[in-house]
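Before any comments, here is the structure.
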Amino acid sequence: MAPSGAHLRTPAVLRLALAALILHLVLVQPTQPAALTLAALATLPLELPVILLALVAIGPGRWAQGLRAVLVAALTLLAVLKGADFAMVTALSRAFNPVADLALIDAGLNVLTGAMGHALATAAIFGAVLAVGLIAAALWWATGVCSTAAPGRVRGAAALGALAFAGVAVVDIGDRLGRWDPPLKLPGEAFTARFGIERAQMARDTLADLARFNAAAADDPYVGATGLLNLIDRDVIIVFIESYGQTSLDTPLYADLHRQTLAAGEGRLAAAGLAMASGLLASPTRGGQSWLAHASVANGLWIDGQTRYGAVLASGRQTLYHLARTAGFHTAAVMPQITLEWPEASVMGFDTILAAADLGYAGEPFNWVTMPDQFTFAALDRRLREGPREKPLFVQLATGTSHAPWVPVPDLLPWDAIGDGRIYNAIARSGDPPRVVWRDRDRVRAQYRLAIDYALQTVLAYAERHAADPPLMIVMGDHQAASFVALDERPGVPIHVIGPAHLVERTASWGLSPGLLPPADAPVRPMDEVRDLFIKAFTAAPGPS
């Protein structure tokens, strides 16, 4: 008879199989949603036999514990980086950059809290930390099982086998990274090793790119030039519509509504005597990080990550707003989504900064969105444009309603009914909260569709409201929404120029088309060209620098 409790013991072979499965799952962990398939999970990672045989060869000795700790730490770190990649591809359609993207953690936590609420966001963060701890613990257990799986007499053979498989893995990694072209192609992939090497190369390339970027930031032909923007005779308002992308023009789910809104707005603005021209720009970001688009337009440089963003802030480069200030404008930033300190604004060239707390909104927030776009435009007039002024304005305004979670979407109200914003309270409390809506991707897309349409209606209504004495408005999307929302992987965003004919006509060299609906084959210009195009279009003849 078996001793008491023997039936509860896990056989050694099953323990070894479970340990190998844990290592396998960590090694084949997908870095993007498209790779989350059974076929990918069934692929043999070439590092697995290397690790298994190496652990057997090491054995259970004391010095082996240190090597296990290093291996577990490395695999845990790579699992975290892969998880970060998965999240970044889902949200921003690009890989995680370990040098440039660490600063995004705080911004991501703010968005998560706004979308899910403080309690659920805290639980999600705790769950993520717990998951990392469990992965590390599982790896420690698995490596311990493997290191005691065989008697000492087989360890020499295991070491030779590990070296042989390591050589095969190195050849395969070099092949897949383009280092050489071996005669025999293997069907598997060295998943984690290749991923780790690629991330190390990304870090190295990011630092090298930063050096080139700093040199470009220091080379500015407009520093010290005189007579800039001397053809503009009125206020200028540069409007960034949050998450407004090219998908609004040609993806059926969105285009049927958004094109109708643009066409109707074009008719009303034309009847009011305004001229319009539209085209497409390529944004440096997708799914988020609006400030990269703002900075690319302001600085005339391609700013596609936090490293470049930090570098341009430290460079002392003259932004479009610095140059406008020198040209005699009063510069301002109207930023309803800025709720915390914004120290970098001090080097962006703004004379006045109106963040959320400065706009006078007394209503309830729309989850993460602080106030409706129409209130923001009304506050722009109340705080900056009404009453006597010595200088024309040059304003950057970023909308907020079309920022995730897009719940709820306000209605366009009569302008004289807005007041201090408390009229929005009933709307702000209506409908399902984000944690309910975001369980269904179709509902998320439906809310996004309505939010963008509201933003467009607001901008067009504002332009129509001021048609008798119109400002020059440069309206553009900051980036496409996340891919699963936009149903689009392109970087394109629309740009619309709205104002008096004699100024809109000066943008003919930008490749724009008349009206608010650019043609399908419209050229897509990089967003970083906007600063210099604007200066050239509205400057008669710059003086020497």
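Following the order of the structure tokens, first chain is A, next is B, and so on, with residues numbered from 1 inside each chain and ligands from 1 in the order they appear.
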If you count only C-alpha atoms, which residues fall within 9 Å of Ala19 in chain A, apart from same-chain ones fewer than 3 positions away, as a PDB file with C-alpha atoms, in the first residue's frame?
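part25.pdb written:
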ATOM      1  CA  LEU A  14       4.900  16.482 -14.560  1.00  0.00           C
ATOM      2  CA  ARG A  15       6.741  19.072 -12.478  1.00  0.00           C
ATOM      3  CA  LEU A  16       9.418  19.284 -15.157  1.00  0.00           C
ATOM      4  CA  ILE A  22       6.188  28.285 -17.819  1.00  0.00           C
ATOM      5  CA  LEU A  23       9.489  29.081 -19.528  1.00  0.00           C
ATOM      6  CA  HIS A  24       7.916  28.457 -22.923  1.00  0.00           C
ATOM      7  CA  ALA A 138       6.887  31.161 -11.313  1.00  0.00           C
ATOM      8  CA  LEU A 139      10.189  31.554 -13.142  1.00  0.00           C
ATOM      9  CA  TRP A 141      10.219  27.845  -9.236  1.00  0.00           C
ATOM     10  CA  ALA A 142      10.578  26.614 -12.818  1.00  0.00           C
ATOM     11  CA  THR A 143      14.326  27.204 -12.958  1.00  0.00           C
ATOM     12  CA  GLY A 144      14.700  25.433  -9.606  1.00  0.00           C
ATOM     13  CA  VAL A 145      12.803  22.401 -10.886  1.00  0.00           C
ATOM     14  CA  CYS A 146      14.954  22.232 -14.013  1.00  0.00           C
TER      15      CYS A 146
END
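By only C-alpha atoms, and with residues fewer than 5 positions from His330 in chain A along its chain excluded, the set lying at most 7 Å from it is Arg325, Asp351, Lys391, Pro392, Leu393 and Phe394 of chain A.
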What residues in range 395-526 of chain A get the DSSP label alpha helix (DSSP H)? Please answer as a PyMOL selection string. chain A and resi 425-428+434-437+441-465+483-486+501-504
Point-to-point distance from CA of Thr331 in chain A to CA of Ser243 in chain A, Å rounded to tenths: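 So the answer is 24.3 Å.
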Please list as a VMD selection string every residue within 10 Å of range 69-81 of chain A, counting only C-alpha atoms and excluding residues in the same chain fewer than 5 positions away. chain A and resid 23 25 to 31 51 55 64 86 to 87 95 to 98 128 131 to 143 192 to 193 195 to 196 199
CA of Pro336 in chain A to CA of Tyr462 in chain A, straight-line distance in Å: 16.7 Å
